[in-house]
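*Asks:* Dropping a structure here in structure tokens format, bear with me for questions.
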Amino acid sequence: MADRRVHNSIGERFDVESTRHEDPHRRLRRRVCWGVTVLMLAGVALLTWNDNNQVYQARPVASPHRLFEDKCEKCHHTSFHLLKRTVGSDSAAFQHSCKVCHSHDAPDHHPAAIATGMVDDCTACHKEHQGDADLTRVTDQHCIRCHGDLASAGTSGARHFSSSVTTLADHPEIALLRKTEVPVSAHGLHRVAEWLDGQWQDRGKLIFNHEVHLDPEGILVPTDHPDYDAGKKQQLKCASCHQADEEGAYMKPVTYQQHCQQCHQLHFSRQLVTNDGSLTGMVPLPHESPELIRGVLRDRLMNYIEENPGRLVPSDDLPRDPAKQVKPATAEDKWDWVEQRLLAMEDQLFSSGSVAGRGDLMYGCQRCHQTEKQVDTGGKVAWKIIKPEVPVRWLSHARFRHDRHDTKITLNGEKPFSCTECHNVNVTRAADRSLDPVENILASVRAGDILMPSIQVCRQCHGGRLGADSGAASDRCTECHRYHPVEHGGAPQEAALLDYILESIARKKPGQ
Amino acid sequence: MIIDKSHRGWALLTLAALFLLTISYVGYCALSPDGPRGGSLPGLAFGVLAAALMVFAGLLAARKKAPRWQVGSAAWWLKGHIWLGLLSLPVTLFHTGFRFGGMLEQGLMAIYLVVMLSGFIGLLIQQYVPRLMKVTLPEQAIFEQLPVVTRGLRETADDHVAGACGSLFVDPADEESEEYSPQRILRSFYLNTARPFLAEEVPDGSPLLNSTQSEGVFAQLGEVLPEGMLEVVREVEHAVDERRQLMSQLKLQRWLHGWLVFHVPVSISLLVLGIVHVATAVYF
Amino acid sequence: MNLRFLSIFVALVVLAGFSASEGQDPVDRQGVAQPPLPWEVAAVQGFRNLGARSCSSTTCHGSVRADSTNDNRMRRDEYLVWLEEDPHQRAHATLSGEQSESIFRNLGLSPDDQRYRQVMQKCIACHGMPVELSSTDSSGQHMVYEGVSCETCHGPAEKWLKTHYRTDFVELTGAEKASQGLFNTNDAHQRARLCVACHVGDKEREVNHDWIAAGHPALKFELTAYLSMMPGHWKETRDRENAHNPAEHELELWLAGQQVAADASLAQLARRASAAAAGQDGAIWPEFADVDCYSCHHDLGAPLSWRQKRGFGVVQQRTEVQRITLPASEWYLFMPSRLAASSKDAAAVEFERAWQELRGKMAAEVIPDDREIAELADAARQRLDNWLSGRTSTADRKEMVDMIGKSDDPELVSNWDRAVQAYLALQVLSEDRGKEKALRQIRAMLAFPVSAGRQFDSPRKFRSVIEDIPKLILQFQEQLEGKQEN
């Protein structure tokens with residue numbers, strides 16, 4: 001519409017000063033901006049009063065670390081870590097802070113990985129500030145990062161290991177059961193096994209035969225067993241000797257006192273028959289070192305000869321054949337007799353291996369133990385029992401819980417687990433659990449047999465998915481593997497923990 | 001600013017950038033064992049990019065304040081502000097890995113979303129309100145001049161009515177008489193109804209607020225007044241109409257200007273908190 | 001003879017006759033298709049020996065305490081009895097002892113000689129388990145050192161170790177068990193075969209005079225005597241229960257021992273004579289081990305020893321100076337011969353005749369004709385087998401007493417071998433486990449002197465006791481009769 005206004009004066013129609021005045025909106029904006037800025041800064045300042053850095057936390061820390069959550073410097077030792085890490089100068093900043101509590105000397109999986117920068121520090125795998133998450137839950141990707149193509153990951157020890165493992169399905173057989181010698185360090189496999197006669201064998205120096213002990217028809221109760229009766233049999237099972245610890249995770253060591261003594265009492269001679277027909281030899285020897293045994297034997301022999309001095313002279317029981325001589329007594333006196341018998345008995349108890357004239361007769365201590373004879377320069381003989389050192393924990397870098405694989409577990413109404421379902425000498429069975437294993441523990445006659453389950457056994461249930469060839473139990477790397485060795489990592493050190501507790505108590509005085 | 005064909009370049013650029021960034025994010029997610037995190041290198045890169053985009057967006061204000069800096073036209077900056085600002089949203093989400101962190105980060109994210117939302121609303125306002133105004137408010141005036149124009153309208157109307165009625169002042173003797181002369185009617189109407197409407201502050205209950213009602217009022221007035229005064233009535237009606245348009249214009253322009261009062265401070269708070277976030281993330 | 005004495009045992013004879021015929025393994029009595037001995041099983045059928053260790057489990061045969069609750073069960077401490085008391089366990093150890101070393105020295109062999117090893121293998125044939133029959137495990141070598149161990153007598157355990165205690169195995173017959181490699185040691189005849197193979201000799205095992213001269217004890221074996229000296233790793237009661245004739249278990253053993261030993265001795269003589277006749281390398285003829293020891297090894301009294309004066313009861317001495325002859329050893333054949341002589345059985349007479357013929361030919365010349373001796377030995381062996389296979393397996397008391405005959409029979413104690421065999425027969429008849437005073441006195445007279453320093457191989461003064469022993473035998477017989485009457 002045409003402008004109908006009739007005023008001519010621009011001054012009357014136009015406010016020429018308006019450009020000089022600030023737009024009220026702008027003014028308002030500006031004021032509000034300043035107000036907001038101040039408000040924000042004040043708000044942040046208020047929230048971070050008293051060194052309360054919680055507002056800056058990306059997320060809360062895991063609950064085990066909540067004790068010192070408000071003290072960022074407990075872990076964040078260095079400032080400007082992000083910048084330093086970005087330029088590559090401080091990539092392992094958290095190593096030290098973690099190790100304050102979590103063991104000073106926990107060697108990691110392979111120090112070489114840290115040396116070559118594949119793994120920077122603890123935070124390479126354990127991410128904090130994820131809220132109340134399980135810090136030990138490390139995804140498979142962390143492992144596969146190197147183990148998916150170990151050759152390229154390229155550290156010196158890599159060639160001894162399988163070059164590509166990405167899932168449980170392509171996981172190699174456990175080293176213990178492999179047919180070729182794996183030249184790993186003494187730290188690992190060699191702790192429990194040694195390579196002999198073309199296979200890995202238990203390095204425990206004990207002689208034991210599973211087949212005899214687990215006879216399905218039972219074994220005769222020994223004559224000196226409290227429950228002895230002629231013909232009475234006793235059926236031993238795995239659980240007769242192998243009992244789980246309190247947690248149920250691993251098996252307690254098999255001990256002589258608990259598991260062997262009732263049947264294998266340490267008698268040393270049936271020849272010391274006293275006049276009343278009792279056998280001095282029937283009181284068992286203590287399960288002790290040869291030095292102690294020597295003392296006990298000497299004592300008993302002396303007691304015997306004191307009570308039966310007639311043994312010093314040849315018996316008047318003549319052999320029927322007149323051509324046969326009776327061996328004259330060779331002992332001059334009691335001491336002589338004792339010493340002679342002592343030497344002979346020790347020889348019988350401890351000599352192992354083939355001895356000319358007697359052979360490997362498994363009598364006395366050598367029935368189960370390997371022994372060593374030491375002769376000093378004076379010709380004095382001493383015996384030594386080679387420490388059995390039966391490995392208590394196999395696969396010590398792994399974690400396993402027997403109670404979760406309990407014999408009471410049934411899977412969809414199928415028959416429950418028994419020990420021999422997993423623990424077999426060789427497993428060639430199909431995935432169908434109803435088939436018997438080709439060989440099982442009942443056929444193991446040597447203590448050197450390694451009766452650990454093959455990885456195929458594990459795969460039957462641990463496949464991560466339900467399917468024709470596996471079950472849906474978790475197949476995460478960390479389900480079994482531990483990155484940090486058992487005896488090193490783990491529970492935090494008490495001293496450091498105590499410090500934190502005391503600090504947090506000190507800060508929170510009563511009434512605050 | 002109207003989103004029209006001239007934005008095509010920016011739109012394509014933004015889409016292309018989004019596509020590439022999405023691919024890189026997906027790749028980054030797949031390769032990181034613990035998933036995407038703000039503190040990882042790619043995450044940091046996304047964060048830096050998002051911050052740069054936000055800073056660029058914020059520089060629009062600086063550009064407006066410094067018209068002499070011919071580093072691209074204001075329109076160009078505004079387009080950049082819009083499109084790169086839009087791009088900053090996915091980039092920010094890529095930086096966070098679609099997670100929302102602690103207190104500071106959550107606050108930051110909330111403010112950011114408010115900024116984006118207000119920006120989007122502003123964009124919508126900018127799209128439709130000017131056209132609306134152009135169509136519905138032909139009698140526009142320069143915003144800052146509105147009081148002057150209003151005064152001008154009032155004075156013009158005053159003149160017209162004074163010419164027709166002799167004077168605007170009310171004679172008390174006339175008031176007492178029962179004679180309703182046309183002048184008196186006109187004058188009375190003008191002083192009681194129309195003139196207040198032409199003031200700076202319009203009374204709320206005024207019948208002239210509504211255009212249909214106003215038309216009716218003036219039509220009614222036209223019937224009672226002699227023909228000679230009809231022109232004056234039309235003049236006054238015209239002024240009232242214009243006044244009404246100016247009122248609408250004011251309202252709409254308040255929207256046009258006002259949303260920034262929300263958008264800018266919130267952006268400032270975003271900037272402040274963003275700086276705090278970067279500082280603490282870098283420091284710790 | 002005392003008729004009362006006679007009558008009491010008629011019933012026993014009848015009983016013995018009936019019971020003896022039950023449950024006999026027919027192959028035992030025919031002299032053919034005898035069950036293979038343990039080492040034959042191992043060699044032929046390839047069953048492996050697993051070593052004494054495999055028997056030694058504490059819950060099986062390696063317990064220290066014998067079972068005293070049930071006489072029908074095994075002792076449980078068999079392994080330890082063997083290990084601690086049985087001389088068989090030390091059999092291999094002996095080979096490295098002083099005496100063995102001396103034997104080898106006397107044979108002119110040092111460990112470096114190749115022949116040393118060959119000879120040692122022959123020693124091991126009796127003193128241990130030959131390596132090739134041992135388990136093929138890496139520890140198989142060690143079984144040699146076990147001496148005469150479980151499987152040497154009971155058979156290679158490979159097939160029956162894990163089954164022999166299960167009910168279904170226990171109920172098998174002796175022959176079925178033997179087919180698995182578990183030798184039937186319950187049968188007296190089979191048991192005798194086991195012992196005789198080493199203690200007398202067989203195709204692979206012999207001790208000849210060269211070895212005896214070098215120091216190896218002469219092999220004079222009698223089953224019951226040796227069983228009594230061996231610490232038994234079985235329960236007497238159970239052993240008796242398993243015998244063919246539990247009442248006369250020891251007699252049964254005695255007769256089985258005599259038969260098998262005599263057979264082996266004749267076989268050995270025939271083998272040696274045949275080898276010499278065939279001109280085999282290393283064959284020695286005459287083999288002095290088949291000759292009575294004391295026909296040469298006697299004191300040389302002046303002017304003639306009493307032996308020379310007495311003569312050897314074979315050829316009538318025509319002149320004062322006796323001819324030098326080498327009479328056959330009577331150790332193994334005296335008792336069967338005497339038994340045959342007192343028997344009316346035609347087969348017995350045949351055997352006796354054959355034996356006397358052989359004996360005559362052996363004594364006729366210093367070096368008898370080898371071929372002839374071989375034939376005669378074979379014939380005597382055949383007749384022995386005919387006779388003893390055709391009669392009941394058990395000797396009976398009456399026969400034995402008859403055989404011993406009158407105490408004044410000069411034939412009974414005319415030499416040491418005869419005297420000792422008679423003494424041992426009396427031991428079998430003894431009611432008091434040989435503790436009768438008479439028997440002890442007889443033993444004292446027959447025994448070799450005892451010395452810590454050296455070993456003696458003959459009695460001190462046989463001549464002086466030759467008159468006293470018959471008196472003691474009479475005393476013993478009276479004692480026996482007296483007991484029977486009471």
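Residues in the structure tokens are numbered from 1 in each chain, the chains being A, B, ... in the order shown, and ligands are numbered from 1 in the order shown.
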Counting only C-alpha atoms, which residues from chain B have an atom at most 8 Å from any atom of chain A, and could you show them as a ChimeraX atom specification?

*Replies:* /B:32-34,39,41,101-105,138-139,144-145,148-149,152-153,156,257-258,260-262,264-266,268-269,272-273,277,280-284

*Asks:* Go through range 331-411 of chain C and collect every residue that DSSP, computed from the backbone, puts in alpha helix (DSSP H); the answer should be as a PDB file with C-alpha atoms, in the first residue's frame.

*Replies:*
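To be explicit, this is the file written out as out.pdb:
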```pdb
ATOM      1  CA  PHE C 334      67.218-146.060  44.609  1.00  0.00           C
ATOM      2  CA  MET C 335      63.810-145.497  46.061  1.00  0.00           C
ATOM      3  CA  PRO C 336      61.826-146.235  42.878  1.00  0.00           C
ATOM      4  CA  SER C 337      63.921-149.339  42.463  1.00  0.00           C
ATOM      5  CA  ARG C 338      63.266-150.453  45.986  1.00  0.00           C
ATOM      6  CA  LEU C 339      59.605-149.704  45.628  1.00  0.00           C
ATOM      7  CA  ALA C 340      59.536-151.715  42.417  1.00  0.00           C
ATOM      8  CA  ALA C 341      61.419-154.531  44.017  1.00  0.00           C
ATOM      9  CA  ALA C 346      54.723-156.815  36.340  1.00  0.00           C
ATOM     10  CA  ALA C 347      55.551-153.334  35.108  1.00  0.00           C
ATOM     11  CA  ALA C 348      57.480-152.742  38.274  1.00  0.00           C
ATOM     12  CA  VAL C 349      59.479-155.879  37.772  1.00  0.00           C
ATOM     13  CA  GLU C 350      60.210-154.808  34.235  1.00  0.00           C
ATOM     14  CA  PHE C 351      61.457-151.493  35.384  1.00  0.00           C
ATOM     15  CA  GLU C 352      63.602-152.999  38.098  1.00  0.00           C
ATOM     16  CA  ARG C 353      65.161-155.315  35.621  1.00  0.00           C
ATOM     17  CA  ALA C 354      65.857-152.494  33.203  1.00  0.00           C
ATOM     18  CA  TRP C 355      67.390-150.407  35.890  1.00  0.00           C
ATOM     19  CA  GLN C 356      69.606-153.156  37.156  1.00  0.00           C
ATOM     20  CA  GLU C 357      70.762-153.810  33.644  1.00  0.00           C
ATOM     21  CA  LEU C 358      71.605-150.192  33.152  1.00  0.00           C
ATOM     22  CA  ARG C 359      73.352-150.064  36.446  1.00  0.00           C
ATOM     23  CA  GLY C 360      75.392-153.128  35.573  1.00  0.00           C
ATOM     24  CA  LYS C 361      76.467-151.718  32.254  1.00  0.00           C
ATOM     25  CA  MET C 362      77.444-148.405  33.846  1.00  0.00           C
ATOM     26  CA  ALA C 363      79.610-150.179  36.373  1.00  0.00           C
ATOM     27  CA  ALA C 364      81.053-152.733  33.973  1.00  0.00           C
ATOM     28  CA  ASP C 370      77.593-144.459  25.223  1.00  0.00           C
ATOM     29  CA  ARG C 371      75.136-145.788  22.706  1.00  0.00           C
ATOM     30  CA  GLU C 372      74.281-148.719  24.792  1.00  0.00           C
ATOM     31  CA  ILE C 373      73.818-146.631  27.876  1.00  0.00           C
ATOM     32  CA  ALA C 374      71.589-144.265  25.969  1.00  0.00           C
ATOM     33  CA  GLU C 375      69.346-147.071  24.875  1.00  0.00           C
ATOM     34  CA  LEU C 376      69.242-148.633  28.287  1.00  0.00           C
ATOM     35  CA  ALA C 377      68.488-145.344  29.940  1.00  0.00           C
ATOM     36  CA  ASP C 378      65.637-144.678  27.544  1.00  0.00           C
ATOM     37  CA  ALA C 379      64.312-148.167  28.114  1.00  0.00           C
ATOM     38  CA  ALA C 380      64.491-147.810  31.869  1.00  0.00           C
ATOM     39  CA  ARG C 381      62.721-144.502  31.611  1.00  0.00           C
ATOM     40  CA  GLN C 382      59.982-145.942  29.502  1.00  0.00           C
ATOM     41  CA  ARG C 383      59.446-148.785  31.916  1.00  0.00           C
ATOM     42  CA  LEU C 384      59.407-146.458  34.842  1.00  0.00           C
ATOM     43  CA  ASP C 385      56.746-144.437  33.144  1.00  0.00           C
ATOM     44  CA  ASN C 386      54.725-147.532  32.267  1.00  0.00           C
ATOM     45  CA  TRP C 387      54.842-148.729  35.795  1.00  0.00           C
ATOM     46  CA  LEU C 388      54.078-145.515  37.600  1.00  0.00           C
ATOM     47  CA  SER C 389      51.501-144.286  35.117  1.00  0.00           C
ATOM     48  CA  ARG C 397      52.134-146.033  53.922  1.00  0.00           C
ATOM     49  CA  LYS C 398      52.202-149.722  53.755  1.00  0.00           C
ATOM     50  CA  GLU C 399      54.209-149.757  50.588  1.00  0.00           C
ATOM     51  CA  MET C 400      56.648-147.330  51.999  1.00  0.00           C
ATOM     52  CA  VAL C 401      57.088-149.212  55.166  1.00  0.00           C
ATOM     53  CA  ASP C 402      57.494-152.428  53.198  1.00  0.00           C
ATOM     54  CA  MET C 403      60.016-150.790  51.015  1.00  0.00           C
ATOM     55  CA  ILE C 404      62.115-149.664  53.888  1.00  0.00           C
TER      56      ILE C 404
END
```

*Asks:* Would you mind listing what lies within 12 Å of Met116 in chain B as a CSV table (one decimal) with N, CA and C atoms, in the first residue's frame, with only C-alpha atoms counted and same-chain residues fewer than 6 positions away left out?

*Replies:*
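Saved to selection-v4.csv:
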```csv
chain,number,residue,atom,x,y,z
B,54,MET,N,31.9,-26.5,16.6
B,54,MET,CA,31.2,-25.6,17.5
B,54,MET,C,31.8,-24.3,17.6
B,57,ALA,N,30.9,-22.4,14.6
B,57,ALA,CA,29.5,-21.9,14.7
B,57,ALA,C,29.5,-20.7,15.6
B,81,HIS,N,27.4,-21.9,9.7
B,81,HIS,CA,26.9,-22.1,11.1
B,81,HIS,C,25.9,-23.1,11.1
B,82,ILE,N,24.9,-23.0,10.2
B,82,ILE,CA,23.8,-24.0,10.2
B,82,ILE,C,24.3,-25.4,9.9
B,83,TRP,N,25.0,-25.5,8.8
B,83,TRP,CA,25.3,-26.9,8.3
B,83,TRP,C,26.4,-27.5,9.2
B,84,LEU,N,27.4,-26.8,9.5
B,84,LEU,CA,28.5,-27.4,10.3
B,84,LEU,C,28.0,-27.6,11.7
B,85,GLY,N,27.1,-26.7,12.1
B,85,GLY,CA,26.5,-26.9,13.4
B,85,GLY,C,25.7,-28.2,13.4
B,86,LEU,N,25.0,-28.4,12.4
B,86,LEU,CA,24.2,-29.7,12.3
B,86,LEU,C,25.2,-30.9,12.3
B,87,LEU,N,26.3,-30.7,11.6
B,87,LEU,CA,27.2,-31.8,11.5
B,87,LEU,C,27.9,-32.1,12.8
B,88,SER,N,27.9,-31.1,13.6
B,88,SER,CA,28.6,-31.3,14.9
B,88,SER,C,27.8,-32.3,15.8
B,89,LEU,N,26.6,-32.4,15.6
B,89,LEU,CA,25.8,-33.3,16.4
B,89,LEU,C,26.2,-34.8,16.3
B,90,PRO,N,26.2,-35.3,15.1
B,90,PRO,CA,26.7,-36.7,15.0
B,90,PRO,C,28.2,-36.8,15.4
B,92,THR,N,29.7,-35.2,17.6
B,92,THR,CA,29.8,-35.2,19.1
B,92,THR,C,29.4,-36.6,19.6
B,109,MET,N,26.1,-32.3,27.5
B,109,MET,CA,25.3,-32.9,26.5
B,109,MET,C,23.9,-32.3,26.5
B,110,ALA,N,23.3,-32.1,27.7
B,110,ALA,CA,22.0,-31.6,27.8
B,110,ALA,C,22.0,-30.2,27.2
B,122,GLY,N,15.0,-21.9,15.8
B,122,GLY,CA,15.4,-20.6,15.2
B,122,GLY,C,15.4,-20.7,13.7
B,123,LEU,N,15.9,-21.8,13.2
B,123,LEU,CA,16.0,-21.9,11.8
B,123,LEU,C,14.6,-22.0,11.2
B,262,PHE,N,17.6,-16.7,23.8
B,262,PHE,CA,17.7,-18.1,24.5
B,262,PHE,C,18.9,-18.8,23.9
B,263,HIS,N,19.0,-18.8,22.6
B,263,HIS,CA,20.0,-19.6,21.9
B,263,HIS,C,21.4,-19.2,22.2
B,264,VAL,N,21.6,-17.9,22.2
B,264,VAL,CA,23.0,-17.4,22.4
B,264,VAL,C,23.5,-17.7,23.8
B,266,VAL,N,22.6,-19.8,25.9
B,266,VAL,CA,22.8,-21.3,26.1
B,266,VAL,C,24.0,-21.7,25.4
B,267,SER,N,24.3,-21.2,24.2
B,267,SER,CA,25.5,-21.5,23.5
B,267,SER,C,26.7,-21.1,24.3
B,270,LEU,N,27.3,-23.4,26.9
B,270,LEU,CA,27.9,-24.6,26.2
B,270,LEU,C,29.4,-24.4,26.1
```

*Asks:* Kindly indicate which residue among C:Ser57, C:Ser274, C:Gln479, C:Gln118 lies nearest to chain A, using only C-alpha atoms for the distances.

*Replies:* C:Ser57

*Asks:* What is the distance between CA of Arg459 in chain A and CA of Gly198 in chain A, in Å to one decimal?

*Replies:* 26.4 Å

*Asks:* For Lys177 in chain C, list every protein, DNA or RNA residue within 9 Å, evaluated using only C-alpha atoms, and leave out those in the same chain fewer than 6 positions away; present the list as an MDAnalysis selection string.

*Replies:* chainID C and resid 160 164 169:170 183:184

*Asks:* Next, dump the selected residues to file, keeping only N, CA and C atoms, as a tab-separated table (two decimals), in the first residue's frame.

*Replies:*
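Wrote it out as result_13.tsv, contents follow:
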```tsv
chain	number	residue	atom	x	y	z
C	160	TRP	N	46.43	-113.58	32.81
C	160	TRP	CA	45.55	-113.86	33.94
C	160	TRP	C	45.71	-112.90	35.11
C	164	HIS	N	42.49	-113.39	37.45
C	164	HIS	CA	42.61	-114.65	38.20
C	164	HIS	C	41.91	-114.61	39.55
C	169	PHE	N	36.86	-116.79	36.87
C	169	PHE	CA	38.13	-117.46	36.61
C	169	PHE	C	38.41	-118.53	37.64
C	170	VAL	N	38.11	-118.19	38.87
C	170	VAL	CA	38.40	-119.12	39.96
C	170	VAL	C	37.69	-120.45	39.75
C	183	PHE	N	49.91	-121.82	35.76
C	183	PHE	CA	50.33	-123.20	35.93
C	183	PHE	C	49.65	-123.82	37.15
C	184	ASN	N	49.31	-125.09	37.02
C	184	ASN	CA	48.58	-125.76	38.09
C	184	ASN	C	49.56	-126.31	39.11
```

*Asks:* Give the answer as one residue: which of C:Asn415, C:Thr163, C:Thr94, C:Gln99 has the shortest atom-to-atom distance to chain A, using only C-alpha atoms?

*Replies:*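 Result for the nearest residue to chain A: C:Thr94.
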
*Asks:* Could you check the closest approach to Gln261 in chain A for each of C:Ile103, C:Ala91, C:Thr58, C:Cys293 and tell me which residue wins, using only C-alpha atoms?

*Replies:* C:Thr58

*Asks:* Using only C-alpha atoms, which protein or nucleic acid residues come within 12 Å of Arg166 in chain C? Drop anything in the same chain fewer than 5 positions from it, and give the result as a short mmCIF file (atom, residue, chain, number, x, y, z; two decimals) with N, CA and C atoms, in the first residue's frame.

*Replies:*
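See around_4.cif below for the written result:
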```cif
data_model
loop_
_atom_site.label_atom_id
_atom_site.label_comp_id
_atom_site.auth_asym_id
_atom_site.auth_seq_id
_atom_site.Cartn_x
_atom_site.Cartn_y
_atom_site.Cartn_z
N ASP A 215 39.96 -100.44 40.35
CA ASP A 215 39.36 -101.66 39.82
C ASP A 215 37.84 -101.65 40.03
N PRO A 216 37.06 -101.81 38.96
CA PRO A 216 35.61 -101.70 39.12
C PRO A 216 35.01 -102.76 40.02
N GLU A 217 35.72 -103.88 40.19
CA GLU A 217 35.19 -104.91 41.09
C GLU A 217 35.63 -104.68 42.52
N GLY A 218 36.34 -103.64 42.76
CA GLY A 218 36.82 -103.36 44.11
C GLY A 218 38.15 -104.01 44.34
N ILE A 219 38.86 -103.55 45.38
CA ILE A 219 40.15 -104.15 45.73
C ILE A 219 40.06 -104.72 47.14
N LEU A 220 40.83 -105.76 47.34
CA LEU A 220 40.80 -106.42 48.65
C LEU A 220 41.30 -105.48 49.73
N GLY A 231 38.59 -111.66 52.17
CA GLY A 231 37.71 -111.58 51.02
C GLY A 231 36.95 -110.28 50.91
N LYS A 233 36.08 -106.63 50.09
CA LYS A 233 36.59 -105.73 49.06
C LYS A 233 36.08 -104.33 49.30
N TRP C 160 46.43 -113.58 32.81
CA TRP C 160 45.55 -113.86 33.94
C TRP C 160 45.71 -112.90 35.11
N LEU C 161 46.60 -111.95 34.99
CA LEU C 161 46.84 -111.08 36.14
C LEU C 161 45.56 -110.38 36.59
N GLU C 171 36.53 -120.38 39.13
CA GLU C 171 35.76 -121.62 38.95
C GLU C 171 36.17 -122.45 37.76
N LEU C 172 37.14 -121.98 37.01
CA LEU C 172 37.62 -122.78 35.87
C LEU C 172 38.40 -124.00 36.37
#
```

*Asks:* Record the distance separating CA of Ala261 in chain C and CA of Tyr332 in chain C, expressed in Å with one decimal.

*Replies:*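 CA of Tyr332 in chain C lies 6.2 Å from CA of Ala261 in chain C.
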
*Asks:* From the set C:Phe448, C:Phe456, C:Phe288, C:Trp331, which residue has the shortest atom-to-atom contact distance to chain A, counting only C-alpha atoms?

*Replies:*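 For chain A, the nearest of the given residues is C:Phe448.
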
*Asks:* Using only C-alpha atoms, find which residues of chain C lie within 7 Å of chain A and jot them down as a PyMOL selection string.

*Replies:* chain C and resi 53+58-60+63-65+67+69-70+90+92-93+142-143+145-146+225+228-229+443+446-448+450+452
